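Containing compact mmCIF, C-alpha atoms: my_file.txt.
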# COMPACT_ATOMS: atom_id res chain seq x y z
CA MET A 1 0.00 0.00 0.00
CA GLU A 2 2.86 2.38 0.70
CA LYS A 3 3.83 2.28 -2.98
CA HIS A 4 0.28 3.25 -3.91
CA PHE A 5 0.30 6.14 -1.42
CA ARG A 6 3.65 7.33 -2.77
CA GLN A 7 2.21 7.38 -6.28
CA PHE A 8 -0.75 9.41 -5.03
CA TYR A 9 1.58 11.88 -3.30
CA ALA A 10 3.76 12.14 -6.41
CA ARG A 11 0.77 13.13 -8.52
CA LEU A 12 -0.04 15.85 -5.99
CA ALA A 13 3.56 17.07 -6.09
CA LEU A 14 3.34 17.69 -9.86
CA ARG A 15 0.85 20.50 -9.40
CA ALA A 16 2.12 24.04 -9.77
CA VAL A 17 2.12 25.95 -6.50
CA ALA A 18 2.45 29.68 -5.99
CA ASN A 19 4.79 30.73 -3.20
CA ASP A 20 7.47 33.30 -2.56
CA ASN A 21 10.30 30.73 -2.86
CA ALA A 22 11.34 31.45 0.75
CA LEU A 23 12.14 27.87 1.64
CA HIS A 24 10.64 26.72 4.97
CA LEU A 25 9.37 30.18 5.88
CA LEU A 26 5.78 31.39 5.65
CA ASN A 27 4.67 34.94 5.11
CA ALA A 28 1.26 36.17 6.29
CA ALA A 29 -0.47 35.45 2.97
CA GLU A 30 0.94 31.92 2.80
CA ARG A 31 -0.10 31.19 6.38
CA ALA A 32 -3.66 32.38 5.64
CA ALA A 33 -3.86 30.27 2.47
CA LEU A 34 -2.56 27.20 4.28
CA LEU A 35 -5.03 27.69 7.14
CA LYS A 36 -7.90 27.97 4.66
CA HIS A 37 -6.81 24.76 2.94
CA GLN A 38 -6.47 23.04 6.31
CA ARG A 39 -10.01 23.97 7.32
CA ARG A 40 -11.34 22.68 4.01
CA LEU A 41 -9.63 19.31 4.49
CA MET A 42 -10.88 19.10 8.09
CA CYS A 43 -14.46 19.63 6.87
CA VAL A 44 -14.03 16.86 4.30
CA ALA A 45 -12.67 14.55 7.00
CA ALA A 46 -15.65 15.27 9.25
CA LEU A 47 -17.98 14.64 6.30
CA LEU A 48 -16.35 11.23 5.81
CA SER A 49 -17.51 10.29 9.30
CA VAL A 50 -21.08 11.36 8.48
CA CYS A 51 -21.06 9.30 5.30
CA GLY A 52 -19.67 6.33 7.20
CA PHE A 53 -22.45 6.46 9.79
CA LEU A 54 -25.15 6.77 7.13
CA ALA A 55 -23.67 4.00 4.99
CA TYR A 56 -23.53 1.69 8.00
CA TYR A 57 -26.82 2.29 9.76
CA LEU A 58 -29.31 3.15 6.99
CA PRO A 59 -28.98 -0.19 5.12
CA THR A 60 -29.37 -2.07 8.41
CA TYR A 61 -32.60 -0.11 9.07
CA TRP A 62 -34.06 -0.40 5.57
CA TRP A 63 -32.91 -3.86 4.49
CA PRO A 64 -32.40 -5.93 7.65
CA ALA A 65 -32.74 -9.15 5.64
CA TRP A 66 -29.38 -8.36 4.02
CA PHE A 67 -27.65 -8.65 7.37
CA PRO A 68 -28.33 -12.12 8.77
CA SER A 69 -26.89 -13.36 12.05
CA VAL A 70 -26.20 -16.82 13.42
CA ALA A 71 -27.27 -18.26 16.77
CA LEU A 72 -24.42 -19.61 18.89
CA ASN A 73 -24.28 -21.44 22.17
CA LEU A 74 -21.04 -21.29 24.12
CA ARG A 75 -21.14 -23.50 27.23
CA GLY A 76 -24.76 -22.73 27.93
CA PHE A 77 -24.48 -19.05 27.02
CA ALA A 78 -26.71 -18.40 24.01
CA PHE A 79 -26.22 -15.35 21.83
CA ARG A 80 -26.49 -14.20 18.22
CA LEU A 81 -23.47 -13.23 16.16
CA PRO A 82 -24.32 -10.50 13.59
CA TRP A 83 -21.59 -11.62 11.20
CA ALA A 84 -22.92 -9.82 8.10
CA GLU A 85 -23.30 -6.52 9.93
CA SER A 86 -19.83 -6.90 11.41
CA LEU A 87 -18.28 -7.51 7.98
CA TRP A 88 -20.15 -4.50 6.60
CA CYS A 89 -18.78 -2.37 9.44
CA ILE A 90 -15.21 -3.58 8.87
CA GLY A 91 -15.43 -2.92 5.14
CA LEU A 92 -16.73 0.61 5.62
CA SER A 93 -14.07 1.30 8.26
CA VAL A 94 -11.31 0.23 5.88
CA ILE A 95 -12.68 2.53 3.17
CA GLU A 96 -12.94 5.45 5.59
CA ILE A 97 -9.39 4.93 6.87
CA TYR A 98 -8.12 4.74 3.28
CA LEU A 99 -9.83 8.00 2.29
CA LEU A 100 -8.68 9.68 5.51
CA THR A 101 -5.10 8.64 4.70
CA LEU A 102 -5.39 10.26 1.27
CA LEU A 103 -6.62 13.44 2.99
CA ASN A 104 -3.66 13.32 5.37
CA LEU A 105 -1.23 12.99 2.46
CA THR A 106 -2.94 15.90 0.71
CA GLY A 107 -2.53 18.00 3.84
CA ALA A 108 1.14 17.08 4.21
CA HIS A 109 1.73 18.00 0.58
CA ALA A 110 -0.05 21.34 1.07
CA VAL A 111 2.45 22.18 3.84
CA ALA A 112 5.38 21.20 1.59
CA ALA A 113 4.03 23.38 -1.21
CA ALA A 114 3.31 26.38 1.02
CA THR A 115 6.78 26.32 2.60
CA GLY A 116 8.67 25.56 -0.61
CA PHE A 117 9.81 22.27 0.91
CA HIS A 118 8.44 20.44 -2.17
CA GLN A 119 11.41 21.89 -4.09
CA THR A 120 13.79 19.62 -2.17
CA ASN A 121 14.46 16.06 -3.27
CA ARG A 122 13.69 14.62 0.19
CA HIS A 123 10.22 16.07 0.77
CA ALA A 124 8.41 12.83 -0.12
CA ASP A 125 10.54 10.63 2.18
CA THR A 126 10.09 13.16 4.99
CA LEU A 127 6.36 13.89 4.73
CA ILE A 128 4.78 10.64 3.46
CA PRO A 129 5.47 8.82 6.78
CA ILE A 130 3.78 11.76 8.54
CA GLY A 131 0.74 11.46 6.29
CA LEU A 132 0.65 7.71 6.99
CA GLU A 133 1.15 8.41 10.72
CA ALA A 134 4.02 5.92 10.74
CA LYS A 135 6.51 5.68 13.58
CA ASN A 136 10.21 6.24 12.95
CA ALA A 137 11.88 2.91 13.70
CA ALA A 138 15.35 4.49 13.55
CA VAL A 139 14.93 6.36 16.83
CA LYS A 140 16.36 3.45 18.84
CA GLN A 141 19.77 3.57 17.19
CA PHE A 142 21.04 6.31 19.53
CA GLY A 143 20.01 4.67 22.80
CA ILE A 144 17.70 7.56 23.72
CA ASP A 145 14.80 6.33 25.87
CA PRO A 146 12.04 8.89 26.57
CA PHE A 147 10.26 6.43 28.86
CA GLN A 148 13.16 5.91 31.25
CA GLY A 149 11.80 5.26 34.75
CA LEU A 150 8.20 4.60 33.65
CA ASN A 151 6.30 1.38 34.31
CA ARG A 152 6.07 -0.35 30.92
CA TRP A 153 2.75 -2.05 31.71
CA LEU A 154 1.13 1.22 32.72
CA LEU A 155 2.50 2.82 29.56
CA PHE A 156 1.03 -0.01 27.46
CA ALA A 157 -2.35 0.33 29.18
CA PHE A 158 -2.38 4.09 28.62
CA ASN A 159 -1.58 3.76 24.91
CA PHE A 160 -4.17 1.00 24.52
CA VAL A 161 -6.90 3.17 26.03
CA LEU A 162 -5.75 6.08 23.88
CA ARG A 163 -6.21 3.96 20.76
CA LEU A 164 -9.79 3.23 21.80
CA LYS A 165 -10.66 6.84 22.62
CA GLY A 166 -13.31 7.08 19.90
CA TRP A 167 -15.07 3.87 20.89
CA LEU A 168 -14.86 4.68 24.61
CA ALA A 169 -16.26 8.19 24.11
CA ASN A 170 -19.10 6.83 21.95
CA THR A 171 -19.93 4.16 24.54
CA ALA A 172 -19.94 6.73 27.35
CA VAL A 173 -22.29 9.04 25.43
CA ARG A 174 -24.66 6.16 24.60
CA PHE A 175 -24.70 5.09 28.25
CA ALA A 176 -25.40 8.65 29.42
CA THR A 177 -28.25 8.96 26.89
CA ARG A 178 -29.80 5.70 28.08
CA LEU A 179 -29.43 6.85 31.67
CA LEU A 180 -31.21 10.14 30.95
CA LEU A 181 -33.96 8.88 28.63
CA GLY A 182 -34.31 5.30 29.80
CA ARG A 183 -36.44 3.03 27.60
CA TYR A 184 -37.76 6.07 25.76
CA ALA A 185 -34.40 6.54 24.01
CA PRO A 186 -35.00 5.60 20.34
CA ARG A 187 -32.51 3.32 18.64
CA VAL A 188 -31.69 5.87 15.93
CA LEU A 189 -30.69 8.40 18.60
CA LEU A 190 -28.43 5.89 20.33
CA ASP A 191 -26.87 4.84 17.03
CA PHE A 192 -26.10 8.37 15.83
CA ILE A 193 -25.33 10.02 19.19
CA GLY A 194 -21.62 9.32 18.78
CA MET A 195 -21.33 10.70 15.25
CA PRO A 196 -20.09 14.19 16.35
CA ILE A 197 -17.30 12.48 18.31
CA TYR A 198 -16.04 10.63 15.25
CA MET A 199 -16.42 13.76 13.12
CA ALA A 200 -14.21 15.64 15.57
CA LEU A 201 -11.64 12.81 15.65
CA ASN A 202 -11.42 12.70 11.85
CA ALA A 203 -11.02 16.48 11.64
CA TRP A 204 -8.43 16.40 14.40
CA SER A 205 -6.48 13.71 12.53
CA VAL A 206 -6.08 15.99 9.48
CA TYR A 207 -5.18 18.96 11.69
CA ALA A 208 -2.58 16.91 13.59
CA VAL A 209 -0.94 15.61 10.40
CA MET A 210 -0.71 19.07 8.83
CA ARG A 211 0.66 20.54 12.05
CA GLN A 212 3.19 17.73 12.34
CA ALA A 213 4.29 18.25 8.74
CA ARG A 214 4.75 21.96 9.40
CA VAL A 215 6.73 21.28 12.59
CA VAL A 216 9.04 18.83 10.82
CA VAL A 217 9.68 21.19 7.91
CA MET A 218 10.43 24.09 10.24
CA GLY A 219 12.52 21.81 12.45
CA GLU A 220 14.77 20.69 9.60
CA ALA A 221 15.53 24.29 8.71
CA LEU A 222 16.12 25.26 12.33
CA ILE A 223 18.46 22.32 13.06
CA ALA A 224 20.43 22.99 9.88
CA GLU A 225 20.76 26.62 10.98
CA LEU A 226 22.02 25.56 14.40
CA ILE A 227 24.60 23.06 13.11
CA LYS A 228 25.86 25.61 10.59
CA SER A 229 26.38 28.17 13.35
CA LEU A 230 28.37 25.82 15.63
CA PRO A 231 32.13 26.15 15.15
CA ALA A 232 34.17 23.07 14.37
CA ARG A 233 35.50 22.34 17.83
CA ALA A 234 36.48 19.08 19.52
CA LEU A 235 34.86 18.26 22.85
CA SER A 236 36.53 16.37 25.66
CA ALA A 237 35.18 12.97 26.71
CA ASN A 238 33.39 14.53 29.70
CA GLU A 239 31.86 17.25 27.51
CA GLN A 240 30.69 14.66 24.98
CA GLU A 241 29.10 12.68 27.80
CA LEU A 242 27.33 15.78 29.12
CA LEU A 243 26.01 16.61 25.66
CA TYR A 244 24.72 13.04 25.24
CA ASP A 245 23.08 13.30 28.67
CA THR A 246 21.43 16.56 27.58
CA LEU A 247 19.77 14.81 24.63
CA GLN A 248 18.47 12.10 26.96
CA PHE A 249 17.29 14.79 29.40
CA ILE A 250 15.19 16.36 26.63
CA ALA A 251 13.62 13.01 25.72
CA VAL A 252 12.77 12.21 29.36
CA SER A 253 11.32 15.71 29.83
CA LYS A 254 9.16 15.32 26.73
CA ARG A 255 8.33 11.64 27.26
CA ASP A 256 8.57 11.42 23.50
CA PHE A 257 11.18 11.18 20.75
CA HIS A 258 9.86 13.40 17.98
CA PRO A 259 11.35 13.15 14.45
CA ASN A 260 12.93 16.56 15.04
CA HIS A 261 14.58 15.27 18.22
CA TYR A 262 15.88 12.32 16.23
CA LEU A 263 17.31 14.69 13.63
CA LEU A 264 18.83 16.95 16.31
CA THR A 265 20.45 13.95 18.02
CA ARG A 266 21.83 12.57 14.76
CA GLU A 267 23.29 15.88 13.60
CA LEU A 268 24.86 16.76 16.96
CA LEU A 269 26.46 13.33 17.35
CA ARG A 270 27.86 13.62 13.83
CA HIS A 271 29.06 17.19 14.30
CA PHE A 272 30.96 16.39 17.50
CA ALA A 273 32.06 12.89 16.40
CA ILE A 274 30.27 11.18 19.31
CA THR A 275 29.86 7.43 18.99
CA PRO A 276 26.19 6.36 19.34
CA ARG A 277 25.32 3.75 21.97
CA GLU A 278 22.62 1.13 22.24
CA GLU A 279 21.58 2.50 25.64
CA HIS A 280 22.25 5.83 27.32
CA PRO A 281 20.20 6.31 30.50
CA LEU A 282 20.14 9.73 32.17
CA PRO A 283 22.40 9.68 35.26
CA PRO A 284 20.97 11.09 38.52
CA ASP A 285 23.79 13.65 38.82
CA TYR A 286 23.13 15.27 35.43
CA LEU A 287 22.07 18.69 36.77
CA PRO A 288 24.96 19.06 39.25
CA ARG A 289 27.43 18.16 36.49
CA LEU A 290 25.78 20.66 34.15
CA ARG A 291 26.08 23.42 36.78
CA ALA A 292 29.73 22.51 37.39
CA SER A 293 30.67 22.50 33.70
CA SER A 294 32.47 25.34 31.94
CA LYS A 295 30.48 28.34 30.79
CA SER A 296 31.10 27.35 27.20
CA ILE A 297 29.70 23.80 27.33
CA GLN A 298 26.97 24.90 29.73
CA ALA A 299 25.81 27.48 27.19
CA LEU A 300 25.71 24.81 24.47
CA CYS A 301 23.69 22.41 26.62
CA ARG A 302 21.28 25.15 27.70
CA LEU A 303 20.76 26.12 24.06
CA ILE A 304 20.03 22.50 23.12
CA ILE A 305 17.60 22.10 26.02
CA LEU A 306 15.60 25.17 24.98
CA LEU A 307 15.65 24.00 21.39
CA GLY A 308 14.57 20.50 22.38
CA PHE A 309 11.65 21.83 24.43
CA MET A 310 10.15 23.55 21.37
CA LEU A 311 11.19 21.26 18.49
CA ASP A 312 7.94 19.26 18.51
CA GLY A 313 5.85 22.45 18.43
CA HIS A 314 4.51 21.91 21.96
CA PHE A 315 5.52 23.55 25.21
CA SER A 316 3.29 21.61 27.57
CA TRP A 317 2.79 21.68 31.32
CA ARG A 318 5.47 18.99 31.65
CA GLU A 319 8.13 21.14 30.01
CA ARG A 320 6.94 24.21 31.90
CA SER A 321 7.35 22.31 35.16
CA ARG A 322 10.81 21.11 34.16
CA LEU A 323 11.84 24.64 33.15
CA ARG A 324 10.74 26.00 36.54
CA ALA A 325 12.91 23.35 38.20
CA LEU A 326 15.86 24.41 36.04
CA GLN A 327 15.20 28.05 36.99
CA ALA A 328 15.19 27.09 40.66
CA ALA A 329 18.50 25.30 40.14
CA GLY A 330 19.99 28.46 38.66
CA ILE A 331 20.51 26.98 35.19
CA PHE A 332 17.97 29.09 33.28
CA THR A 333 16.70 32.65 33.54
CA GLU A 334 14.14 32.53 30.69
CA SER A 335 10.52 32.60 31.81
CA THR A 336 7.97 30.04 30.69
CA GLU A 337 6.17 32.83 28.81
CA ALA A 338 9.35 33.61 26.86
CA VAL A 339 9.89 29.98 25.86
CA ALA A 340 6.22 29.68 24.88
CA GLN A 341 6.74 32.68 22.58
CA TYR A 342 9.92 31.08 21.16
CA THR A 343 7.83 28.00 20.32
CA LYS A 344 5.16 30.08 18.62
CA ASP A 345 7.80 31.94 16.61
CA PHE A 346 9.34 28.62 15.61
CA LEU A 347 6.01 27.41 14.22
CA ASN A 348 5.72 30.64 12.22
CA GLY A 349 9.16 30.15 10.72
CA ALA A 350 10.95 32.91 12.64
CA GLY A 351 14.03 30.79 13.36
CA ILE A 352 16.15 30.95 16.52
CA ALA A 353 18.57 33.80 15.85
CA ALA A 354 16.68 36.25 18.09
CA TRP A 355 17.31 34.28 21.28
CA SER A 356 20.16 31.86 20.50
CA ALA A 357 22.86 34.46 19.77
CA PRO A 358 23.95 34.97 23.44
CA TYR A 359 24.29 31.20 23.93
CA LEU A 360 26.33 30.80 20.75
CA GLN A 361 28.59 33.71 21.66
CA THR A 362 29.30 32.20 25.10
CA TYR A 363 29.95 28.78 23.56
CA GLN A 364 32.41 30.22 21.04
CA GLN A 365 34.48 31.82 23.79
CA PRO A 366 37.55 29.73 24.75
Written as C-alpha cells, how would this file's structure read?
Amino acid sequence: MEKHFRQFYARLALRAVANDNALHLLNAAERAALLKHQRRLMCVAALLSVCGFLAYYLPTYWWPAWFPSVALNLRGFAFRLPWAESLWCIGLSVIEIYLLTLLNLTGAHAVAAATGFHQTNRHADTLIPIGLEAKNAAVKQFGIDPFQGLNRWLLFAFNFVLRLKGWLANTAVRFATRLLLGRYAPRVLLDFIGMPIYMALNAWSVYAVMRQARVVVMGEALIAELIKSLPARALSANEQELLYDTLQFIAVSKRDFHPNHYLLTRELLRHFAITPREEHPLPPDYLPRLRASSKSIQALCRLIILLGFMLDGHFSWRERSRLRALQAAGIFTESTEAVAQYTKDFLNGAGIAAWSAPYLQTYQQP
C-alpha cells in the first residue's frame, strides 16, 4: 500500500504551487492560504464520518434481511453473532481509513508546497510517513529512551486506552443517553449520538498531520541553521558525555522522541564525532554536572535544552514544570512565557537567531 500512497503523493507534487520561494518560511499570505486549505480538508474529513455512519446504519434499518446473524451457544451461554453486519462495518471502516489517509497525504503535501519544501528532493521521504502516521523505527539507534523510569505495563495500558478513545467516548455518550432517557431513548438516537465524536476525531487527525508536517519542515531548517552556526570544535570525553546526557534529558522531559529530536540527536552526534550507543540512561547527577561545567559547554547544553523543548511544536505543562525546576536550580533565567513565545515563533518560521545568539557567543568563547 505504501507504494500506492507514494504514487498518489507524487501526482499531488506535480501541481504548480504559488509561493514566494522562501524555503521553509511562511509569510502572512501563505499562512492564511494554508489555514484555509487546512479547514477545508478538516471539513471533508468530518464529512467522511457522516457518510460512514449513514452507509452503515441506513442499510441495516431499511434492508435488515441483508444482514443475517447466526445463533451460537457457548457452554450454555446463548447469543447471536451479527456476522454480516460486522463484515459491513469492517469494510466501511477500511474505506474510511483509506480515504482519511489520502486526505492526510494531501494536507502534508499542502504544507510542503506552502513552505517551498516540495522543491527539495527529500520532501516525499520526509512527509509521506507523517501522512501515513508511521513511527520512525530508527529512533532506537542512539540509545535515547524517553520512557526511562516509567512502568512499561502502565504505559502499554495508557496507549491501549488512547487507541480506543473514539469507541470509549461513543460508549460513554450512549450510556449517558440511556441513563437520561431510559427506555424512551429511540434506537436511531443511540446509534447516531456518537457521530459528532467521530467527526471531531477525523477532523483532528487531518489537523494533527498538517501541524506535524509543518513542525518537521520548520525543524529541519532550524536544526540545519544551528549546526551551521556551531564552530568546528572538539569536545573532551566529559563534555561529549554531558552533551549526550542533555539529549536524553530532553527526551525524558518530553516523554517522547519526535522526528525533530531524532534529527537533532543525529546531527549533533555527527558534528561532535560522538559514537552512538545502544543505551544511554540519564544519570541522577546530570544537573549538578551541568552546573559545574564550563560556561562554554553549559551554554551549548542550555541552548540545546531550549531548542529541544520547542522542536515538537509543543511547550506543555510537563516542560513548563521542568523549566521552573531548572530556573530554581539556577541553570535558566528565561521565563515560561518567553519559551512559549519562542515555540510560537518557531512554528511561524521565525528561526532561533533572536534568542540563541547569546548562547552561541558564550559557547564560542575559549
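With only C-alpha atoms as the atoms that count, the residue of A:Arg289, A:Ile297, A:Gln240, A:Ile305 with the shortest distance to Ile274 (chain A) is A:Gln240.
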4 Å per side around region 223-238 of chain A: axis-aligned box centre and edge lengths, as JSON:
{"center_x": 27.5, "center_y": 20.6, "center_z": 19.8, "size_x": 26.1, "size_y": 23.2, "size_z": 27.8}
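Across the model, the gap from CA of Trp317 (chain A) to CA of Ile223 (chain A) is 24.1 Å.
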Legend entry - Counting only C-alpha atoms, the residue of A:Ser296, A:Ser321, A:Gln7, A:Asn238 that sits nearest Pro358 (chain A): A:Ser296
Inset, instruction - Compile the contact shell of Ala224 (chain A) as JSON, numbers by chain: residues with an atom at most 12 Å away, counting only C-alpha atoms, same-chain residues fewer than 3 positions apart removed. - result: {"A": [24, 217, 218, 219, 220, 221, 227, 228, 229, 230, 260, 263, 264, 266, 267, 268, 271, 351, 352]}
Inset, instruction - Determine, counting only C-alpha atoms, which protein, DNA and RNA residues have an atom within 12 Å of an atom of region 52-64 of chain A; residues of the same chain fewer than 3 positions away are not included. Present the result as a PyMOL selection string. - result: chain A and resi 45-49+67-69+82+84-97+99-100+187-199+202
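The list of residues with at least one atom within 8 Å of region 241-244 of chain A, based on only C-alpha atoms and without residues fewer than 2 positions apart in the same chain, reads Ala237, Asn238, Glu239, Thr246, Leu247, Gln248, His280, Tyr286, Arg289, Leu290 and Cys301 of chain A.
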Write the selection just made, keeping C-alpha atoms, as a PDB file, in the frame of the given file?
ATOM      1  CA  ALA A 237      35.180  12.970  26.710  1.00  0.00           C
ATOM      2  CA  ASN A 238      33.390  14.530  29.700  1.00  0.00           C
ATOM      3  CA  GLU A 239      31.860  17.250  27.510  1.00  0.00           C
ATOM      4  CA  THR A 246      21.430  16.560  27.580  1.00  0.00           C
ATOM      5  CA  LEU A 247      19.770  14.810  24.630  1.00  0.00           C
ATOM      6  CA  GLN A 248      18.470  12.100  26.960  1.00  0.00           C
ATOM      7  CA  HIS A 280      22.250   5.830  27.320  1.00  0.00           C
ATOM      8  CA  TYR A 286      23.130  15.270  35.430  1.00  0.00           C
ATOM      9  CA  ARG A 289      27.430  18.160  36.490  1.00  0.00           C
ATOM     10  CA  LEU A 290      25.780  20.660  34.150  1.00  0.00           C
ATOM     11  CA  CYS A 301      23.690  22.410  26.620  1.00  0.00           C
TER      12      CYS A 301
END
So which residues are close to (20.6, 17.7, 39.1), meaning at most 12 Å away in the file's coordinates with all atoms listed in the file counted, and can you show them as a compact mmCIF listing (two decimals) with C-alpha atoms, in the coordinates of the input?
# COMPACT_ATOMS: atom_id res chain seq x y z
CA ASP A 245 23.08 13.30 28.67
CA THR A 246 21.43 16.56 27.58
CA PHE A 249 17.29 14.79 29.40
CA LEU A 282 20.14 9.73 32.17
CA PRO A 283 22.40 9.68 35.26
CA PRO A 284 20.97 11.09 38.52
CA ASP A 285 23.79 13.65 38.82
CA TYR A 286 23.13 15.27 35.43
CA LEU A 287 22.07 18.69 36.77
CA PRO A 288 24.96 19.06 39.25
CA ARG A 289 27.43 18.16 36.49
CA LEU A 290 25.78 20.66 34.15
CA ARG A 291 26.08 23.42 36.78
CA ALA A 292 29.73 22.51 37.39
CA ARG A 322 10.81 21.11 34.16
CA ALA A 325 12.91 23.35 38.20
CA LEU A 326 15.86 24.41 36.04
CA GLN A 327 15.20 28.05 36.99
CA ALA A 328 15.19 27.09 40.66
CA ALA A 329 18.50 25.30 40.14
CA GLY A 330 19.99 28.46 38.66
CA ILE A 331 20.51 26.98 35.19
